[in-house]
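See structure below.
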Protein chains: 2
Amino acid sequence: MKKLFFTPGPSALYFTAEEHIKQALKEQVPSISHRGKDFQKIFASAVENIKVLLNIPDDFHIFFTGSANEIWERLIENCVEHESFHLVNGAFSKRFHQVSHELGRNALALNSPHGTCASIEEILVPETSELIATTQNETSTGVMQPLQDMYTLRSRYPEKLLAVDTVSALPYADIDYTMVDSVYFSVQKGFGLPAGLGVWILNERCIEKANKLRSKGRSTGSYHSISSLLEKAGKNQTPETPNVLGMYLLSKVAADMIEKGITQIRKETEYKAAILYNMLEAHSLLDPFVKEKQHRSKTVIVAETKKTSSEIIGKVAETGMVIGTGYGSFKEDHIRIANFPTHSKEQMEMLVDFLEGLN
Amino acid sequence: MKKLFFTPGPSALYFTAEEHIKQALKEQVPSISHRGKDFQKIFASAVENIKVLLNIPDDFHIFFTGSANEIWERLIENCVEHESFHLVNGAFSKRFHQVSHELGRNALALNSPHGTCASIEEILVPETSELIATTQNETSTGVMQPLQDMYTLRSRYPEKLLAVDTVSALPYADIDYTMVDSVYFSVQKGFGLPAGLGVWILNERCIEKANKLRSKGRSTGSYHSISSLLEKAGKNQTPETPNVLGMYLLSKVAADMIEKGITQIRKETEYKAAILYNMLEAHSLLDPFVKEKQHRSKTVIVAETKKTSSEIIGKVAETGMVIGTGYGSFKEDHIRIANFPTHSKEQMEMLVDFLEGLN
């Protein structure tokens, strides 16, 4: 029997993904040339469908990379000459901060205790910082920074670039793209696709910054520099032979989500999050890790456990359902549950019912 | 009806690949955690099978990237402080040279006219160059630099690192890995897999060089620096969530090739190359582009065409077979034919027979 994955990424495949993979094999998608018309159609369709689904303005660009980790690196290389400023509220925002340091930049951080995020009042970004790196949804601890905070930062620091990590938040997060400069995700989370593809959404201000760095003689990388990605994207192509199958699947699943309706997807996500948090709050063994309700992620729900997480995960596993361990040092103290579009209301109710009965 | 792809990459899927994809879906490979035991088994099995198939010594490391383009960048970032030296004999070796330049290194090149490669006598590498970048099989023009040339360079310049681009040559190329430092390929060519995965084979000398750069305070990149890749590979993991499905397929197809026997694969490759070149030499419309027989690729066969290539490609397409155009400025003047392990003798004979009849 197949397992039902509620792990926070890789997660369950989107329920239509397997059929699209089989169709791609029938159409011989893996064998087509990445310099030919069939590929250009896939590229254009992936870009178009993501833009429609997420309501991204026309003047934004969409680039494809190998992972979201890669986008961290490309953002620093192309958009930061000297200094970046990072809101660090978990393992992944911390890793982005480290990437900037490893690339020789002055990487500043405002660290928040685990399970919390910085309040907008305490965020003071130095004049010298060129980029504010925020994490909308911290996959490691289930902390969600409200989008309104990002917009406030953008208004307060209009000359800086604002990057938003939405790796495990999209397509749920309803972002006003006119108030941010760069947003990115990877496909093995909310889009329910096989890993190996990062999606980088960015505006002209990022392009201008990269051009400025180049005009100063700074290296912005090579095949995946913004200028190289932009030049090829203008022809619906990528610099390298990319993960063509992944791009095909993304375009198809985004189309399925458009058909279902993003409003419906968001409503269902909120319903499923609500029943999860209600169950956790009433539970004798489980507690929401994030105490501040407005900072609780809707898509990655993390609970502290009074027994070891492996005991709880083991019991859940007997039913064929798979939930995640805590991240890093929280491995045995937390469970993590993904609430992605592929997880139906019925599936989530089944998980909630089962967890409710544990004691 | 399915087409039969003889294009030089992406090419036809290896004949077992589709079944492995279906099996991966049954086993829910796209949903497993990249930090769990099931993934570690896939990683270890991919590394083990590639090492056995290609006869790679135990003390070499194998890393996974998004593409071979990425490996160009990582090689320069990690193994070149000031200067690289490139044997340029086509579009891809030229692009690697450009990558080094874009990353701010002093990138030197010995350029050979299209369709030729440098003779070993004319290759003089300056004392200041740290890395010699060679291309064993230039996918754009079908020129093959003999492996003996690489070994001679290694003996002549023992203190320099020697990198060999085998993107479209493996698994055919029978390399003596003790005479090279770094070899790399991408899976959508000879291994017949969906694109989106680069494989980087390297020895301790590359690791030492990267450590030396780091100890000098040079950035060697971030998540895909050699030190980051090495640390994770020690645990059979990758720094990022990788193309797990691609790695699974690579391990399976490499196992199939081991079972078939690499000697058999090489013999068949040589037989198919021989009937192709014999046909081209006798043809009134087609001529091998590479005149020097010992420099003719066995895996990417390129022919000059007396009619436009699109006319010939169009006639071939009527039979359901797909061959490649010329690369870049040679688009209309060349055809390119992949001769990879998935192409059976019977399929190649069918293509040769059809081309023979064209006039």
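Ordered as shown in the structure tokens, chains take letters A, B, and onward, while each chain numbers its residues from 1 and ligands are numbered from 1 in the order shown.
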
Inset, instruction - Could you please select, counting only C-alpha atoms, the residues of chain A within 9 Å of chain B and state them as an NGL selection string? - result: :A and (2-3 or 5 or 7 or 9-13 or 18 or 21-22 or 25-34 or 65-70 or 73 or 98-104 or 188 or 192-197 or 217-224 or 239-246 or 324)

Inset, instruction - Can you pull out every residue within 7 Å of A:Ser84, counting only C-alpha atoms, but drop anything in the same chain fewer than 2 positions away, and send it as a list in words? - result: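 So, after excluding close chain neighbours, the residues are Val80, His86, Asn106, Ala107, Leu108, Ser129, Glu130, Leu131 and Ile132 of chain A.
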
Could you turn the residues from that selection into a file that holds N, CA and C atoms, as a PDB file, in the first residue's frame?
```pdb
ATOM      1  N   VAL A  80      24.041  41.724  -4.040  1.00  0.00           N
ATOM      2  CA  VAL A  80      24.711  42.257  -2.847  1.00  0.00           C
ATOM      3  C   VAL A  80      26.185  42.487  -3.156  1.00  0.00           C
ATOM      4  N   HIS A  86      19.807  39.806   7.417  1.00  0.00           N
ATOM      5  CA  HIS A  86      18.951  38.617   7.432  1.00  0.00           C
ATOM      6  C   HIS A  86      18.115  38.541   8.700  1.00  0.00           C
ATOM      7  N   ASN A 106      29.543  40.972   3.992  1.00  0.00           N
ATOM      8  CA  ASN A 106      29.276  41.288   5.377  1.00  0.00           C
ATOM      9  C   ASN A 106      27.822  40.914   5.640  1.00  0.00           C
ATOM     10  N   ALA A 107      27.631  39.799   6.316  1.00  0.00           N
ATOM     11  CA  ALA A 107      26.273  39.263   6.496  1.00  0.00           C
ATOM     12  C   ALA A 107      25.804  39.557   7.920  1.00  0.00           C
ATOM     13  N   LEU A 108      24.829  40.425   8.024  1.00  0.00           N
ATOM     14  CA  LEU A 108      24.292  40.785   9.338  1.00  0.00           C
ATOM     15  C   LEU A 108      23.034  39.957   9.605  1.00  0.00           C
ATOM     16  N   SER A 129      23.230  48.165   4.514  1.00  0.00           N
ATOM     17  CA  SER A 129      22.736  46.888   3.979  1.00  0.00           C
ATOM     18  C   SER A 129      22.002  47.099   2.665  1.00  0.00           C
ATOM     19  N   GLU A 130      22.325  46.252   1.684  1.00  0.00           N
ATOM     20  CA  GLU A 130      21.712  46.406   0.354  1.00  0.00           C
ATOM     21  C   GLU A 130      20.485  45.524   0.173  1.00  0.00           C
ATOM     22  N   LEU A 131      20.456  44.417   0.903  1.00  0.00           N
ATOM     23  CA  LEU A 131      19.374  43.449   0.729  1.00  0.00           C
ATOM     24  C   LEU A 131      18.839  43.047   2.099  1.00  0.00           C
ATOM     25  N   ILE A 132      17.510  43.007   2.235  1.00  0.00           N
ATOM     26  CA  ILE A 132      16.886  42.469   3.442  1.00  0.00           C
ATOM     27  C   ILE A 132      16.355  41.081   3.085  1.00  0.00           C
TER      28      ILE A 132
END
```

Inset, instruction - Per DSSP on the backbone, filter stretch 213-266 of chain B down to the residues in alpha helix (DSSP H) and report them as a PyMOL selection string. - result: chain B and resi 213-215+226-233+244-260+262-266

Spatial neighbours of B:Gly357, max dist 12 Å, only C-alpha atoms, sep filter under 6 positions, as a PDB file with all heavy atoms, in the first residue's frame:
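Once written, part-v3.pdb looks like this:
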```pdb
ATOM      1  N   MET B 279      29.647   4.939 -43.905  1.00  0.00           N
ATOM      2  CA  MET B 279      28.566   5.459 -44.737  1.00  0.00           C
ATOM      3  C   MET B 279      28.864   6.919 -45.126  1.00  0.00           C
ATOM      4  O   MET B 279      28.727   7.299 -46.291  1.00  0.00           O
ATOM      5  CB  MET B 279      27.245   5.343 -43.961  1.00  0.00           C
ATOM      6  CG  MET B 279      26.032   5.956 -44.616  1.00  0.00           C
ATOM      7  SD  MET B 279      25.812   7.710 -44.217  1.00  0.00           S
ATOM      8  CE  MET B 279      25.472   7.635 -42.463  1.00  0.00           C
ATOM      9  N   LEU B 280      29.289   7.732 -44.169  1.00  0.00           N
ATOM     10  CA  LEU B 280      29.548   9.151 -44.457  1.00  0.00           C
ATOM     11  C   LEU B 280      30.663   9.312 -45.488  1.00  0.00           C
ATOM     12  O   LEU B 280      30.576  10.150 -46.394  1.00  0.00           O
ATOM     13  CB  LEU B 280      29.945   9.893 -43.172  1.00  0.00           C
ATOM     14  CG  LEU B 280      28.851  10.064 -42.096  1.00  0.00           C
ATOM     15  CD1 LEU B 280      29.428  10.747 -40.852  1.00  0.00           C
ATOM     16  CD2 LEU B 280      27.650  10.863 -42.620  1.00  0.00           C
ATOM     17  N   ALA B 282      31.513   7.394 -47.855  1.00  0.00           N
ATOM     18  CA  ALA B 282      31.124   6.958 -49.198  1.00  0.00           C
ATOM     19  C   ALA B 282      29.988   7.802 -49.778  1.00  0.00           C
ATOM     20  O   ALA B 282      29.607   7.636 -50.929  1.00  0.00           O
ATOM     21  CB  ALA B 282      30.692   5.485 -49.132  1.00  0.00           C
ATOM     22  N   HIS B 283      29.445   8.744 -48.984  1.00  0.00           N
ATOM     23  CA  HIS B 283      28.204   9.426 -49.350  1.00  0.00           C
ATOM     24  C   HIS B 283      28.467  10.620 -50.272  1.00  0.00           C
ATOM     25  O   HIS B 283      29.473  11.304 -50.152  1.00  0.00           O
ATOM     26  CB  HIS B 283      27.513   9.906 -48.078  1.00  0.00           C
ATOM     27  CG  HIS B 283      26.024  10.002 -48.209  1.00  0.00           C
ATOM     28  ND1 HIS B 283      25.410  10.982 -48.926  1.00  0.00           N
ATOM     29  CD2 HIS B 283      25.030   9.216 -47.706  1.00  0.00           C
ATOM     30  CE1 HIS B 283      24.091  10.814 -48.859  1.00  0.00           C
ATOM     31  NE2 HIS B 283      23.844   9.738 -48.116  1.00  0.00           N
ATOM     32  N   SER B 284      27.530  10.841 -51.181  1.00  0.00           N
ATOM     33  CA  SER B 284      27.705  11.971 -52.104  1.00  0.00           C
ATOM     34  C   SER B 284      27.276  13.297 -51.473  1.00  0.00           C
ATOM     35  O   SER B 284      27.716  14.360 -51.902  1.00  0.00           O
ATOM     36  CB  SER B 284      26.896  11.720 -53.387  1.00  0.00           C
ATOM     37  OG  SER B 284      25.517  11.601 -53.057  1.00  0.00           O
ATOM     38  N   LEU B 285      26.415  13.253 -50.457  1.00  0.00           N
ATOM     39  CA  LEU B 285      25.906  14.495 -49.846  1.00  0.00           C
ATOM     40  C   LEU B 285      26.520  14.783 -48.470  1.00  0.00           C
ATOM     41  O   LEU B 285      26.389  15.882 -47.955  1.00  0.00           O
ATOM     42  CB  LEU B 285      24.386  14.387 -49.641  1.00  0.00           C
ATOM     43  CG  LEU B 285      23.494  14.428 -50.871  1.00  0.00           C
ATOM     44  CD1 LEU B 285      22.034  14.298 -50.445  1.00  0.00           C
ATOM     45  CD2 LEU B 285      23.719  15.718 -51.644  1.00  0.00           C
ATOM     46  N   LEU B 286      27.126  13.764 -47.887  1.00  0.00           N
ATOM     47  CA  LEU B 286      27.584  13.882 -46.494  1.00  0.00           C
ATOM     48  C   LEU B 286      29.068  13.560 -46.399  1.00  0.00           C
ATOM     49  O   LEU B 286      29.567  12.719 -47.138  1.00  0.00           O
ATOM     50  CB  LEU B 286      26.796  12.905 -45.598  1.00  0.00           C
ATOM     51  CG  LEU B 286      25.274  13.055 -45.602  1.00  0.00           C
ATOM     52  CD1 LEU B 286      24.637  11.863 -44.875  1.00  0.00           C
ATOM     53  CD2 LEU B 286      24.862  14.365 -44.948  1.00  0.00           C
ATOM     54  N   ILE B 312      17.796  17.377 -45.018  1.00  0.00           N
ATOM     55  CA  ILE B 312      18.151  15.990 -44.666  1.00  0.00           C
ATOM     56  C   ILE B 312      17.420  15.560 -43.395  1.00  0.00           C
ATOM     57  O   ILE B 312      16.840  14.468 -43.329  1.00  0.00           O
ATOM     58  CB  ILE B 312      19.675  15.872 -44.508  1.00  0.00           C
ATOM     59  CG1 ILE B 312      20.326  16.079 -45.880  1.00  0.00           C
ATOM     60  CG2 ILE B 312      20.061  14.530 -43.895  1.00  0.00           C
ATOM     61  CD1 ILE B 312      21.782  16.384 -45.848  1.00  0.00           C
ATOM     62  N   LYS B 315      13.844  14.735 -44.090  1.00  0.00           N
ATOM     63  CA  LYS B 315      13.629  13.425 -44.718  1.00  0.00           C
ATOM     64  C   LYS B 315      13.765  12.300 -43.703  1.00  0.00           C
ATOM     65  O   LYS B 315      12.997  11.341 -43.699  1.00  0.00           O
ATOM     66  CB  LYS B 315      14.609  13.222 -45.877  1.00  0.00           C
ATOM     67  CG  LYS B 315      14.180  13.986 -47.130  1.00  0.00           C
ATOM     68  CD  LYS B 315      15.086  13.693 -48.301  1.00  0.00           C
ATOM     69  CE  LYS B 315      14.660  14.539 -49.508  1.00  0.00           C
ATOM     70  NZ  LYS B 315      15.728  14.632 -50.518  1.00  0.00           N
ATOM     71  N   VAL B 316      14.767  12.417 -42.838  1.00  0.00           N
ATOM     72  CA  VAL B 316      14.948  11.402 -41.796  1.00  0.00           C
ATOM     73  C   VAL B 316      13.720  11.379 -40.873  1.00  0.00           C
ATOM     74  O   VAL B 316      13.251  10.311 -40.469  1.00  0.00           O
ATOM     75  CB  VAL B 316      16.238  11.676 -40.989  1.00  0.00           C
ATOM     76  CG1 VAL B 316      16.362  10.708 -39.810  1.00  0.00           C
ATOM     77  CG2 VAL B 316      17.480  11.575 -41.887  1.00  0.00           C
ATOM     78  N   MET B 350      19.556   0.805 -39.178  1.00  0.00           N
ATOM     79  CA  MET B 350      18.379   1.353 -39.856  1.00  0.00           C
ATOM     80  C   MET B 350      18.640   2.804 -40.274  1.00  0.00           C
ATOM     81  O   MET B 350      18.339   3.217 -41.391  1.00  0.00           O
ATOM     82  CB  MET B 350      17.190   1.278 -38.890  1.00  0.00           C
ATOM     83  CG  MET B 350      15.853   1.613 -39.484  1.00  0.00           C
ATOM     84  SD  MET B 350      14.509   1.078 -38.338  1.00  0.00           S
ATOM     85  CE  MET B 350      14.691   2.283 -37.014  1.00  0.00           C
ATOM     86  N   LEU B 351      19.247   3.582 -39.374  1.00  0.00           N
ATOM     87  CA  LEU B 351      19.558   4.984 -39.696  1.00  0.00           C
ATOM     88  C   LEU B 351      20.593   5.066 -40.814  1.00  0.00           C
ATOM     89  O   LEU B 351      20.446   5.852 -41.768  1.00  0.00           O
ATOM     90  CB  LEU B 351      20.065   5.712 -38.442  1.00  0.00           C
ATOM     91  CG  LEU B 351      20.515   7.162 -38.655  1.00  0.00           C
ATOM     92  CD1 LEU B 351      19.347   8.051 -39.108  1.00  0.00           C
ATOM     93  CD2 LEU B 351      21.151   7.746 -37.392  1.00  0.00           C
TER      94      LEU B 351
END
```

Inset, instruction - Considering only C-alpha atoms, return as a ChimeraX atom specification whatever protein or nucleic-acid residues lie within 10 Å of A:Ala173, sequence-local ones (same chain, fewer than 6 positions apart) excluded. - result: /A:54,136-137,146-147,166,266,298-299

Can those selected residues be exported to a file as a JSON list (two decimals), in the first residue's frame so that it contains N, CA, C and O atoms?
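See out34.json below for the written result:
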```
[["chain", "number", "residue", "atom", "x", "y", "z"],
["A", 54, "LEU", "N", -0.26, 32.77, -9.21],
["A", 54, "LEU", "CA", 0.19, 33.54, -8.04],
["A", 54, "LEU", "C", -0.08, 35.04, -8.17],
["A", 54, "LEU", "O", 0.27, 35.81, -7.28],
["A", 136, "GLN", "N", 9.44, 33.93, 4.92],
["A", 136, "GLN", "CA", 8.02, 34.03, 5.21],
["A", 136, "GLN", "C", 7.55, 32.83, 5.99],
["A", 136, "GLN", "O", 6.68, 32.94, 6.86],
["A", 137, "ASN", "N", 8.15, 31.70, 5.69],
["A", 137, "ASN", "CA", 7.71, 30.45, 6.31],
["A", 137, "ASN", "C", 8.95, 29.62, 6.60],
["A", 137, "ASN", "O", 9.59, 29.14, 5.69],
["A", 146, "PRO", "N", 4.50, 37.51, 9.21],
["A", 146, "PRO", "CA", 3.37, 38.04, 8.43],
["A", 146, "PRO", "C", 3.84, 38.84, 7.21],
["A", 146, "PRO", "O", 4.83, 39.58, 7.30],
["A", 147, "LEU", "N", 3.14, 38.68, 6.11],
["A", 147, "LEU", "CA", 3.51, 39.40, 4.89],
["A", 147, "LEU", "C", 3.47, 40.91, 5.12],
["A", 147, "LEU", "O", 4.26, 41.65, 4.53],
["A", 166, "THR", "N", 9.92, 31.84, 0.33],
["A", 166, "THR", "CA", 8.59, 31.24, 0.44],
["A", 166, "THR", "C", 8.65, 29.76, 0.07],
["A", 166, "THR", "O", 7.68, 29.20, -0.45],
["A", 266, "ARG", "N", -6.51, 28.16, -1.02],
["A", 266, "ARG", "CA", -6.17, 28.90, 0.22],
["A", 266, "ARG", "C", -7.19, 28.64, 1.33],
["A", 266, "ARG", "O", -6.80, 28.47, 2.49],
["A", 298, "LYS", "N", 0.74, 28.33, 8.28],
["A", 298, "LYS", "CA", -0.43, 27.59, 7.83],
["A", 298, "LYS", "C", -0.03, 26.35, 7.03],
["A", 298, "LYS", "O", -0.85, 25.46, 6.80],
["A", 299, "THR", "N", 1.22, 26.29, 6.59],
["A", 299, "THR", "CA", 1.61, 25.22, 5.67],
["A", 299, "THR", "C", 2.59, 24.20, 6.26],
["A", 299, "THR", "O", 2.70, 23.08, 5.75]]
```

Inset, instruction - Just the residues within 9 Å of A:Glu332, please, counting only C-alpha atoms, with nothing from its chain fewer than 4 positions along; format it as JSON, numbers by chain. - result: {"A": [305, 307, 308, 309, 310, 325, 326, 327]}

Inset, instruction - Give me every strand (DSSP E) residue in stretch 72-266 of chain B, going by DSSP on the backbone, as a PyMOL selection string. - result: chain B and resi 83-88+106-111+131-135+137-138+143-144+161-165+182-186+198-202

Store the residues picked out above in a file with N, CA, C and O atoms, as a CSV table (one decimal), in the first residue's frame.
```
chain,number,residue,atom,x,y,z
B,83,GLU,N,44.5,31.5,-12.4
B,83,GLU,CA,44.6,31.2,-13.8
B,83,GLU,C,44.3,29.8,-14.2
B,83,GLU,O,44.7,28.8,-13.6
B,84,SER,N,43.5,29.7,-15.3
B,84,SER,CA,43.2,28.4,-15.9
B,84,SER,C,43.6,28.4,-17.3
B,84,SER,O,43.6,29.5,-18.0
B,85,PHE,N,43.8,27.2,-17.9
B,85,PHE,CA,44.3,27.1,-19.2
B,85,PHE,C,43.3,26.1,-19.9
B,85,PHE,O,43.1,25.0,-19.5
B,86,HIS,N,42.8,26.5,-21.1
B,86,HIS,CA,41.7,25.8,-21.7
B,86,HIS,C,42.1,25.4,-23.1
B,86,HIS,O,42.5,26.2,-23.9
B,87,LEU,N,41.9,24.1,-23.4
B,87,LEU,CA,42.0,23.6,-24.8
B,87,LEU,C,40.6,23.8,-25.4
B,87,LEU,O,39.7,23.2,-25.1
B,88,VAL,N,40.5,24.8,-26.4
B,88,VAL,CA,39.2,25.2,-26.9
B,88,VAL,C,39.1,24.6,-28.3
B,88,VAL,O,39.9,25.0,-29.2
B,106,ASN,N,42.1,34.7,-14.7
B,106,ASN,CA,42.8,34.9,-15.9
B,106,ASN,C,42.7,33.6,-16.7
B,106,ASN,O,43.2,32.6,-16.4
B,107,ALA,N,41.8,33.6,-17.7
B,107,ALA,CA,41.5,32.4,-18.5
B,107,ALA,C,42.2,32.4,-19.8
B,107,ALA,O,41.9,33.2,-20.7
B,108,LEU,N,43.1,31.5,-19.9
B,108,LEU,CA,43.9,31.4,-21.2
B,108,LEU,C,43.3,30.3,-22.0
B,108,LEU,O,42.7,29.3,-21.5
B,109,ALA,N,43.5,30.4,-23.3
B,109,ALA,CA,42.9,29.4,-24.2
B,109,ALA,C,43.9,29.1,-25.4
B,109,ALA,O,44.6,30.0,-25.9
B,110,LEU,N,44.0,27.9,-25.7
B,110,LEU,CA,44.6,27.5,-27.0
B,110,LEU,C,43.5,27.1,-27.9
B,110,LEU,O,42.8,26.1,-27.7
B,111,ASN,N,43.2,27.9,-28.9
B,111,ASN,CA,42.0,27.7,-29.8
B,111,ASN,C,42.4,26.9,-31.0
B,111,ASN,O,43.4,27.2,-31.7
B,131,LEU,N,45.1,25.0,-13.6
B,131,LEU,CA,44.2,24.0,-14.0
B,131,LEU,C,44.3,23.9,-15.6
B,131,LEU,O,44.2,24.9,-16.2
B,132,ILE,N,44.4,22.7,-16.1
B,132,ILE,CA,44.3,22.5,-17.6
B,132,ILE,C,42.9,21.9,-17.8
B,132,ILE,O,42.6,20.8,-17.3
B,133,ALA,N,42.1,22.6,-18.6
B,133,ALA,CA,40.7,22.2,-18.9
B,133,ALA,C,40.7,21.6,-20.3
B,133,ALA,O,41.0,22.3,-21.3
B,134,THR,N,40.4,20.3,-20.3
B,134,THR,CA,40.4,19.7,-21.6
B,134,THR,C,38.9,19.1,-21.9
B,134,THR,O,38.2,18.9,-21.0
B,135,THR,N,38.6,19.0,-23.2
B,135,THR,CA,37.3,18.4,-23.5
B,135,THR,C,37.6,17.2,-24.4
B,135,THR,O,38.1,17.2,-25.5
B,137,ASN,N,35.4,15.1,-25.6
B,137,ASN,CA,34.4,14.9,-26.7
B,137,ASN,C,33.6,16.2,-26.8
B,137,ASN,O,32.8,16.5,-25.9
B,138,GLU,N,33.9,17.0,-27.9
B,138,GLU,CA,33.3,18.3,-28.1
B,138,GLU,C,31.9,18.0,-28.8
B,138,GLU,O,31.9,17.7,-30.0
B,143,VAL,N,34.5,16.5,-32.3
B,143,VAL,CA,36.0,16.3,-32.2
B,143,VAL,C,36.3,15.6,-30.9
B,143,VAL,O,35.8,16.0,-29.8
B,144,MET,N,37.2,14.6,-31.0
B,144,MET,CA,37.6,13.9,-29.8
B,144,MET,C,39.1,14.0,-29.6
B,144,MET,O,39.9,13.7,-30.5
B,161,LEU,N,46.4,20.8,-12.0
B,161,LEU,CA,45.2,19.9,-12.0
B,161,LEU,C,44.7,19.7,-13.5
B,161,LEU,O,44.8,20.7,-14.2
B,162,LEU,N,44.3,18.5,-13.8
B,162,LEU,CA,43.8,18.2,-15.1
B,162,LEU,C,42.3,17.8,-15.1
B,162,LEU,O,42.0,16.9,-14.4
B,163,ALA,N,41.5,18.7,-15.7
B,163,ALA,CA,40.1,18.4,-15.8
B,163,ALA,C,39.7,17.9,-17.2
B,163,ALA,O,40.1,18.5,-18.2
B,164,VAL,N,38.8,16.9,-17.2
B,164,VAL,CA,38.4,16.3,-18.5
B,164,VAL,C,36.9,16.4,-18.6
B,164,VAL,O,36.2,15.8,-17.9
B,165,ASP,N,36.4,17.2,-19.6
B,165,ASP,CA,35.0,17.2,-19.9
B,165,ASP,C,34.6,16.0,-20.7
B,165,ASP,O,35.1,15.8,-21.8
B,182,SER,N,40.0,15.5,-12.5
B,182,SER,CA,38.5,15.7,-12.4
B,182,SER,C,37.9,15.4,-13.7
B,182,SER,O,38.4,15.7,-14.8
B,183,VAL,N,36.8,14.7,-13.7
B,183,VAL,CA,36.1,14.2,-14.9
B,183,VAL,C,34.6,14.5,-14.6
B,183,VAL,O,34.2,14.4,-13.4
B,184,TYR,N,33.8,14.9,-15.6
B,184,TYR,CA,32.4,15.2,-15.3
B,184,TYR,C,31.6,15.0,-16.5
B,184,TYR,O,32.0,15.0,-17.6
B,185,PHE,N,30.3,14.7,-16.2
B,185,PHE,CA,29.3,14.5,-17.3
B,185,PHE,C,27.9,14.8,-16.8
B,185,PHE,O,27.7,15.1,-15.7
B,186,SER,N,27.0,14.9,-17.8
B,186,SER,CA,25.6,15.1,-17.4
B,186,SER,C,24.8,13.9,-17.9
B,186,SER,O,25.2,13.2,-18.9
B,198,GLY,N,24.1,16.8,-12.9
B,198,GLY,CA,25.5,16.7,-13.4
B,198,GLY,C,26.3,15.8,-12.4
B,198,GLY,O,25.9,15.7,-11.2
B,199,VAL,N,27.2,15.1,-12.9
B,199,VAL,CA,28.0,14.1,-12.0
B,199,VAL,C,29.5,14.5,-12.1
B,199,VAL,O,30.1,14.6,-13.2
B,200,TRP,N,30.0,14.8,-10.9
B,200,TRP,CA,31.4,15.3,-10.8
B,200,TRP,C,32.3,14.3,-10.1
B,200,TRP,O,32.0,14.0,-8.9
B,201,ILE,N,33.2,13.8,-10.8
B,201,ILE,CA,34.2,12.8,-10.3
B,201,ILE,C,35.5,13.6,-10.1
B,201,ILE,O,36.0,14.2,-11.0
B,202,LEU,N,36.1,13.5,-8.9
B,202,LEU,CA,37.3,14.2,-8.6
B,202,LEU,C,38.1,13.5,-7.5
B,202,LEU,O,37.6,12.7,-6.7
```

Legend entry - Non-local contacts of A:Asn49 (8 Å; only C-alpha atoms; under 3 positions in same chain excluded) as a ChimeraX atom specification: /A:45-46,52-53,251,254-255,258

Inset, instruction - Kindly indicate which residue among A:Thr269, A:Lys291, A:Asn55, A:Leu358 lies nearest to A:Glu311, using only C-alpha atoms for the distances. - result: A:Leu358
